[in-house]
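Data from final-v3.txt: compact mmCIF, C-alpha atoms
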# COMPACT_ATOMS: atom_id res chain seq x y z
CA MET E 1 220.63 229.82 95.88
CA THR E 2 218.95 232.56 97.90
CA ALA E 3 218.15 232.45 101.61
CA HIS E 4 214.71 233.62 102.67
CA PRO E 5 213.84 233.95 106.34
CA HIS E 6 210.23 233.08 105.57
CA PRO E 7 208.12 232.33 102.50
CA HIS E 8 206.02 235.47 102.96
CA PRO E 9 207.13 239.08 102.96
CA HIS E 10 206.05 239.69 106.55
CA PRO E 11 207.08 236.70 108.64
CA HIS E 12 205.27 235.92 111.84
CA ARG E 13 207.54 236.87 114.70
CA THR E 14 207.27 236.66 118.43
CA ASP E 15 209.41 238.37 120.99
CA GLY E 16 209.22 239.66 124.50
CA ASP E 17 206.68 242.28 123.37
CA GLY E 18 204.39 239.72 121.77
CA PRO E 19 203.81 238.12 118.37
CA ARG E 20 204.43 240.30 115.38
CA THR E 21 203.11 239.81 111.89
CA GLY E 22 204.76 242.60 110.01
CA PRO E 23 204.19 245.75 112.05
CA GLY E 24 201.50 244.31 114.32
CA ALA E 25 201.96 243.34 117.92
CA GLY E 26 200.11 241.46 120.63
CA PRO E 27 200.57 239.17 123.59
CA GLY E 28 202.68 236.11 122.92
CA ARG E 29 205.42 233.85 124.03
CA GLN E 30 208.96 234.84 124.97
CA VAL E 31 211.62 234.48 122.31
CA ARG E 32 214.77 232.68 123.42
CA ALA E 33 218.03 233.39 121.61
CA VAL E 34 219.21 229.93 122.69
CA ARG E 35 216.93 226.92 122.85
CA LEU E 36 218.16 224.66 125.64
CA GLY E 37 218.03 221.00 124.67
CA PRO E 38 218.56 218.02 126.98
CA ARG E 39 222.35 218.10 126.50
CA SER E 40 222.56 221.80 127.33
CA VAL E 41 220.36 221.44 130.40
CA ALA E 42 222.41 218.47 131.60
CA ALA E 43 225.64 220.45 131.11
CA LEU E 44 224.24 223.43 133.06
CA VAL E 45 223.08 221.19 135.90
CA LEU E 46 226.48 219.47 136.02
CA ILE E 47 228.51 222.69 136.10
CA SER E 48 226.16 224.18 138.69
CA ALA E 49 226.51 221.13 140.95
CA ILE E 50 230.30 221.18 140.65
CA GLY E 51 230.22 224.93 141.23
CA VAL E 52 228.33 224.44 144.49
CA MET E 53 231.01 222.00 145.60
CA ALA E 54 233.78 224.34 144.43
CA PHE E 55 232.41 227.22 146.48
CA GLY E 56 231.03 225.33 149.43
CA TRP E 57 233.65 222.67 150.12
CA PRO E 58 234.86 224.40 153.33
CA LEU E 59 231.34 224.17 154.74
CA LEU E 60 230.28 220.93 153.05
CA ALA E 61 233.33 218.78 153.76
CA ASP E 62 233.05 216.47 156.73
CA SER E 63 235.59 217.09 159.46
CA ALA E 64 236.91 213.55 159.07
CA SER E 65 237.49 213.86 155.33
CA GLY E 66 240.84 214.61 153.80
CA LEU E 67 239.31 217.49 151.84
CA ALA E 68 238.49 219.38 155.03
CA HIS E 69 242.19 219.46 155.92
CA SER E 70 243.51 220.08 152.41
CA ARG E 71 244.98 223.36 151.19
CA ASP E 72 244.94 222.09 147.63
CA ALA E 73 241.15 222.08 147.20
CA PRO E 74 240.78 225.73 146.05
CA TRP E 75 243.51 225.25 143.47
CA LEU E 76 241.98 221.99 142.30
CA PHE E 77 238.62 223.63 141.65
CA ALA E 78 240.27 226.70 140.10
CA ALA E 79 241.97 224.39 137.58
CA LEU E 80 238.86 222.29 136.97
CA LEU E 81 236.23 225.02 136.53
CA PRO E 82 237.67 226.67 133.37
CA MET E 83 237.65 223.35 131.52
CA LEU E 84 234.09 222.60 132.61
CA LEU E 85 232.91 226.10 131.70
CA ALA E 86 234.45 225.68 128.26
CA VAL E 87 232.61 222.39 127.81
CA VAL E 88 229.28 223.91 128.89
CA VAL E 89 229.64 226.95 126.62
CA ALA E 90 230.66 224.71 123.71
CA THR E 91 227.67 222.43 124.34
CA ILE E 92 225.22 225.33 124.40
CA ALA E 93 226.83 226.84 121.31
CA ASP E 94 226.66 223.52 119.47
CA THR E 95 222.99 223.00 120.25
CA GLY E 96 221.57 226.51 120.12
CA LEU E 97 223.85 229.43 119.19
CA ASP E 98 223.53 230.47 115.56
CA ALA E 99 225.33 233.31 113.80
CA LYS E 100 222.78 235.90 114.91
CA ALA E 101 222.99 234.84 118.54
CA ILE E 102 226.79 234.84 118.44
CA ALA E 103 226.79 238.37 117.01
CA MET E 104 224.48 239.61 119.77
CA LEU E 105 226.54 237.74 122.36
CA GLY E 106 229.68 239.52 121.17
CA VAL E 107 228.08 242.96 121.34
CA LEU E 108 226.57 242.48 124.81
CA ALA E 109 229.68 240.81 126.23
CA ALA E 110 231.83 243.67 124.96
CA ALA E 111 229.41 246.21 126.45
CA GLY E 112 229.40 244.41 129.79
CA ALA E 113 233.19 244.14 129.83
CA ALA E 114 233.50 247.85 129.06
CA MET E 115 231.06 248.80 131.83
CA ARG E 116 232.86 246.94 134.59
CA PRO E 117 235.98 249.18 134.72
CA LEU E 118 233.76 252.26 135.13
CA GLY E 119 233.59 251.56 138.85
CA ALA E 120 237.07 250.14 139.31
CA GLY E 121 238.52 251.28 142.60
CA THR E 122 235.18 252.57 143.89
CA ALA E 123 233.36 250.45 146.45
CA GLY E 124 230.54 248.49 144.88
CA ILE E 125 229.96 250.59 141.75
CA GLU E 126 229.59 247.86 139.14
CA PRO E 127 227.08 248.81 136.41
CA MET E 128 227.83 245.53 134.64
CA PHE E 129 225.24 243.75 136.83
CA PHE E 130 222.45 245.95 135.51
CA LEU E 131 223.11 244.93 131.89
CA MET E 132 223.61 241.22 132.67
CA VAL E 133 220.26 241.03 134.50
CA LEU E 134 218.30 242.79 131.75
CA ALA E 135 219.95 240.80 128.94
CA GLY E 136 219.27 237.53 130.74
CA ARG E 137 215.64 238.56 131.21
CA VAL E 138 215.09 239.28 127.51
CA LEU E 139 217.24 236.61 125.88
CA GLY E 140 216.66 233.69 128.22
CA PRO E 141 218.61 231.56 130.71
CA GLY E 142 220.83 229.71 128.22
CA PHE E 143 222.00 232.87 126.51
CA GLY E 144 222.26 234.56 129.91
CA PHE E 145 224.63 231.95 131.31
CA VAL E 146 226.94 232.15 128.30
CA LEU E 147 226.77 235.96 128.30
CA GLY E 148 227.60 236.29 131.99
CA SER E 149 230.56 233.92 131.71
CA VAL E 150 231.97 235.44 128.53
CA ALA E 151 231.47 239.03 129.69
CA MET E 152 233.28 238.35 132.97
CA PHE E 153 236.12 236.64 131.11
CA ALA E 154 236.44 239.60 128.73
CA SER E 155 236.37 242.10 131.58
CA ALA E 156 239.10 240.17 133.42
CA LEU E 157 241.32 240.43 130.35
CA LEU E 158 240.47 244.11 129.98
CA THR E 159 241.20 245.02 133.59
CA GLY E 160 244.07 242.61 134.19
CA GLY E 161 242.02 240.72 136.76
CA VAL E 162 243.17 237.27 135.67
CA GLY E 163 243.84 234.89 138.53
CA PRO E 164 242.54 231.77 140.27
CA TRP E 165 239.38 233.68 141.15
CA MET E 166 238.43 234.35 137.50
CA PRO E 167 236.63 231.03 136.74
CA PHE E 168 234.65 231.46 139.96
CA GLN E 169 233.63 234.96 138.86
CA MET E 170 232.64 233.63 135.43
CA LEU E 171 230.46 230.91 136.92
CA THR E 172 228.80 233.22 139.44
CA MET E 173 228.03 235.90 136.86
CA GLY E 174 226.64 233.18 134.60
CA TRP E 175 224.29 232.19 137.43
CA VAL E 176 223.22 235.83 137.91
CA SER E 177 222.29 236.33 134.25
CA MET E 178 220.76 232.87 133.92
CA GLY E 179 218.59 233.47 136.98
CA ALA E 180 217.18 236.62 135.38
CA GLY E 181 216.10 234.52 132.42
CA LEU E 182 214.26 232.15 134.76
CA LEU E 183 212.20 234.87 136.43
CA PRO E 184 208.43 234.33 136.07
CA GLY E 185 206.07 236.26 133.85
CA PRO E 186 208.19 237.10 130.77
CA GLU E 187 205.02 237.32 128.63
CA ARG E 188 202.81 239.13 131.15
CA LEU E 189 204.90 241.48 133.26
CA ARG E 190 205.65 244.81 131.61
CA GLY E 191 206.30 248.38 132.64
CA ARG E 192 206.81 249.28 136.27
CA ARG E 193 205.92 245.84 137.59
CA GLU E 194 208.62 244.21 135.51
CA LEU E 195 211.17 246.84 136.51
CA ALA E 196 210.27 246.29 140.17
CA VAL E 197 210.85 242.54 139.80
CA LEU E 198 214.14 243.07 137.98
CA ALA E 199 215.33 245.68 140.47
CA THR E 200 214.55 243.35 143.37
CA TYR E 201 216.29 240.43 141.68
CA GLY E 202 219.25 242.64 140.77
CA ALA E 203 219.68 243.78 144.37
CA VAL E 204 219.46 240.26 145.79
CA SER E 205 221.78 238.78 143.17
CA ALA E 206 224.32 241.58 143.63
CA VAL E 207 224.56 240.81 147.36
CA LEU E 208 224.59 237.03 146.81
CA TYR E 209 227.35 237.42 144.23
CA GLY E 210 229.59 238.95 146.88
CA LEU E 211 228.66 236.36 149.50
CA ILE E 212 229.33 233.48 147.12
CA MET E 213 232.61 234.93 145.87
CA ASN E 214 233.77 235.30 149.47
CA LEU E 215 233.73 231.53 149.75
CA GLN E 216 236.35 231.35 147.02
CA GLY E 217 238.92 233.43 148.89
CA TRP E 218 237.99 232.71 152.48
CA PRO E 219 240.02 229.47 152.89
CA TYR E 220 243.20 231.35 151.92
CA ILE E 221 243.14 233.74 154.90
CA ALA E 222 244.21 231.42 157.70
CA GLY E 223 246.63 234.09 158.94
CA MET E 224 243.83 236.47 159.90
CA ALA E 225 242.14 236.63 163.27
CA SER E 226 240.73 233.27 164.32
CA GLY E 227 237.28 234.82 164.67
CA VAL E 228 236.89 235.24 160.90
CA SER E 229 239.27 232.75 159.25
CA PHE E 230 238.49 229.26 158.03
CA VAL E 231 239.64 226.48 160.35
CA PRO E 232 239.98 223.15 158.49
CA GLY E 233 238.10 220.34 160.17
CA ASP E 234 236.08 222.52 162.54
CA PRO E 235 232.32 221.84 162.87
CA LEU E 236 230.00 223.44 160.34
CA ASP E 237 228.34 225.84 162.78
CA GLN E 238 231.66 227.27 163.95
CA ASN E 239 233.04 227.77 160.44
CA LEU E 240 229.72 229.24 159.31
CA ALA E 241 229.80 231.76 162.15
CA ARG E 242 233.35 232.73 161.16
CA TYR E 243 232.30 233.07 157.53
CA ILE E 244 229.40 235.40 158.40
CA ALA E 245 231.74 237.49 160.53
CA TYR E 246 234.21 237.60 157.65
CA CYS E 247 231.52 238.83 155.22
CA LEU E 248 230.33 241.52 157.63
CA ALA E 249 233.88 242.70 158.23
CA THR E 250 235.11 242.69 154.64
CA SER E 251 232.67 242.67 151.74
CA LEU E 252 229.35 244.05 152.93
CA GLY E 253 230.56 247.58 152.22
CA TRP E 254 230.95 246.54 148.58
CA ASP E 255 227.90 244.31 148.23
CA LEU E 256 225.31 246.83 149.41
CA PRO E 257 226.51 249.68 147.13
CA ARG E 258 226.58 247.21 144.23
CA ALA E 259 222.95 246.32 144.95
CA LEU E 260 221.99 250.01 145.23
CA VAL E 261 223.66 250.89 141.92
CA THR E 262 221.89 247.98 140.22
CA VAL E 263 218.50 249.10 141.57
CA VAL E 264 219.02 252.74 140.56
CA LEU E 265 220.13 251.87 137.03
CA THR E 266 217.28 249.39 136.58
CA CYS E 267 214.65 251.90 137.71
CA THR E 268 216.03 254.78 135.64
CA LEU E 269 217.37 253.14 132.47
CA GLY E 270 215.78 249.70 132.60
CA GLY E 271 212.72 250.50 130.51
CA THR E 272 214.79 251.98 127.67
CA VAL E 273 217.32 249.14 127.69
CA LEU E 274 214.60 246.47 127.76
CA LYS E 275 212.90 248.05 124.73
CA ALA E 276 216.20 248.21 122.86
CA LEU E 277 217.03 244.58 123.65
CA ARG E 278 213.56 243.39 122.63
CA ARG E 279 213.70 245.40 119.43
CA ALA E 280 217.07 243.86 118.58
CA THR E 281 215.70 240.40 119.42
CA ARG E 282 212.69 241.00 117.20
CA ARG E 283 214.81 242.11 114.29
CA ALA E 284 217.18 239.17 114.73
CA ALA E 285 214.11 236.86 114.49
CA PHE E 286 215.78 233.98 116.33
CA ASP E 287 212.68 231.80 116.01
CA VAL E 288 212.10 232.36 112.28
CA PRO E 289 213.45 229.41 110.27
CA VAL E 290 215.73 230.14 107.34
CA SER E 291 214.79 228.43 104.06
CA PHE E 292 216.81 228.21 100.87
CA THR E 293 215.32 228.37 97.39
CA PRO E 294 217.24 227.92 94.15
CA ASP E 295 217.97 231.06 92.13
CA PRO E 296 216.02 231.33 88.87
CA PRO E 297 217.90 230.53 85.63
CA ARG E 298 219.73 233.44 84.05
CA GLY E 299 217.50 235.43 81.80
CA ALA E 300 214.33 234.25 83.50
CA ALA E 301 212.10 236.80 85.20
CA SER E 302 212.12 236.68 88.98
CA PRO E 303 208.68 236.08 90.57
As a first step, turn the structure in this file into C-alpha cells.
Amino acid sequence: MTAHPHPHPHPHRTDGDGPRTGPGAGPGRQVRAVRLGPRSVAALVLISAIGVMAFGWPLLADSASGLAHSRDAPWLFAALLPMLLAVVVATIADTGLDAKAIAMLGVLAAAGAAMRPLGAGTAGIEPMFFLMVLAGRVLGPGFGFVLGSVAMFASALLTGGVGPWMPFQMLTMGWVSMGAGLLPGPERLRGRRELAVLATYGAVSAVLYGLIMNLQGWPYIAGMASGVSFVPGDPLDQNLARYIAYCLATSLGWDLPRALVTVVLTCTLGGTVLKALRRATRRAAFDVPVSFTPDPPRGAASP
C-alpha cells in the first residue's frame, strides 16, 4: 500500500503566502499546523482562566477570604499548573498534531530553547521571544501555545532553571506565541506592514511577560520594604500600588531591553525567518489529506 498526499502530481496547497498549485502562488487562506476543535478550544480557555487565577490571586482574592491570607496559594498553583498544561498539550496533540506538526514542533522548540541561554546573565537579552512570535504568527494559535510551553520547558532543563516558577513561565510563553497566531490579517498583511505589527506585538508582549511573571514571585517577598511587598488581606488599590512600585523597582530594567531586542530582531531578521517558516509550512502541506492506494500486483506495470 502506497501513501499519496494527493491524487494529482501537483496538489493544491495553501499557506501564509497564498494558495499554491504546483509552483504557482496567489492570495489565499492561512494554513494552520494545528486545527483547533471544540475540545482544544475548551482546554485552552480552561487553562487560561486558571492561569489568570494563578497569577492574579493576590489582587483578585477578597480580603475576607482565606486565600488572601494563605501562604500556600502559590505552591498550590505551582503544583496544579503542570498537570493542567500536560492535559491541554495532550488534548491539542490528540485532536490536531500529526507527525509533520510534531517534527516541526521539535525543531522550533529546540531552536527556541537554544536561543534563550544566549542572553543568560545579561539584562533583558532574550532572542527566544522573537522566534516564538514569528512561529506563532505563521503556524497559528494552537501550535503557538504548544510551542511556547514546550520551548520554555526545554530551555528550563537546558539552563537548569527548574523551579516552582517554571509552569508559570510555560503558560505565559504559551500565551505570547498563541497571541501572535491570533493577530489580524494573516492573509493580507505582508512585508513591512506585517513586520511593524509583529514588532509592536513583540514589544508589548515582552513587557507584559515580565509584568505577569512578577505576580508569580511577588507574594514571596514579604520581608522586603512594605512599600513594594504584598500584604495579605489589604485592599486591592493598596496592593496594586505596591505591585506597580515593585515592578518599577525590580523588573523594568529587564522588560524594556527584552522588548527592544525583540523589535530589533523582528525588523532585521523577521522577513527572512517568516519566509523560511512559510516555505517549511508549504512543503509540510499540513492541509493536504493523505490517501492510501493499494500497490499493484507484482509483475504488473505501474500506471
Open item on the list: Just checking: using all atoms listed in the file, which residue out of E:Ala241, E:Val133, E:Met213, E:Cys247 ends up closest to Tyr201 in chain E?
Closed with: E:Val133
- [ ] Just give me the gap between CA of Met170 in chain E and CA of Phe145 in chain E in Å, one decimal is fine.
- [x]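 Between CA of Met170 in chain E and CA of Phe145 in chain E the gap works out to 9.2 Å.
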Open item on the list: Can you measure CA of Val176 in chain E to CA of Thr272 in chain E for me? One decimal in Å is fine.
Closed with: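 Result for CA of Val176 in chain E versus CA of Thr272 in chain E: 20.9 Å, one decimal.
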Task: Point-to-point distance in Å for CA of Gly112 in chain E and CA of Phe129 in chain E - done: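 Computed distance, CA of Phe129 in chain E to CA of Gly112 in chain E, equals 8.2 Å.
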Open item on the list: Just checking: using all atoms listed in the file, which residue out of E:Val89, E:Ala245, E:Gly210, E:Leu157 ends up closest to Gly227 in chain E?
Closed with: E:Ala245
Open item on the list: Using all atoms listed in the file for the distances, tell me which of E:Val146, E:Ala101, E:Arg116, E:Thr172 is nearest to Leu208 in chain E.
Closed with: E:Thr172
Task: Near-Gln238 in chain E list (12 Å; all atoms listed in the file; drop same-chain fewer than 4 positions) as a list of chain:residue names - done: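 Surrounding residues, per the criterion: E:Pro58, E:Leu59, E:Ser63, E:Ser226, E:Gly227, E:Val228, E:Ser229, E:Phe230, E:Val231, E:Pro232, E:Gly233, E:Asp234, E:Arg242, E:Tyr243, E:Ile244, E:Ala245.
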- [ ] Point out the residue among E:Leu46, E:Val264, E:Val138, E:Leu147 with the least atom-to-atom distance to Ala196 in chain E, counting only C-alpha atoms.
- [x]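 Selected residue with least distance to Ala196 in chain E: E:Val264.
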TODO: Using all atoms listed in the file, give me every residue within 6 Å of (218.9, 246.3, 132.6) in file coordinates, as a ChimeraX atom specification.
DONE: /E:130-131,133-134,266,270,273
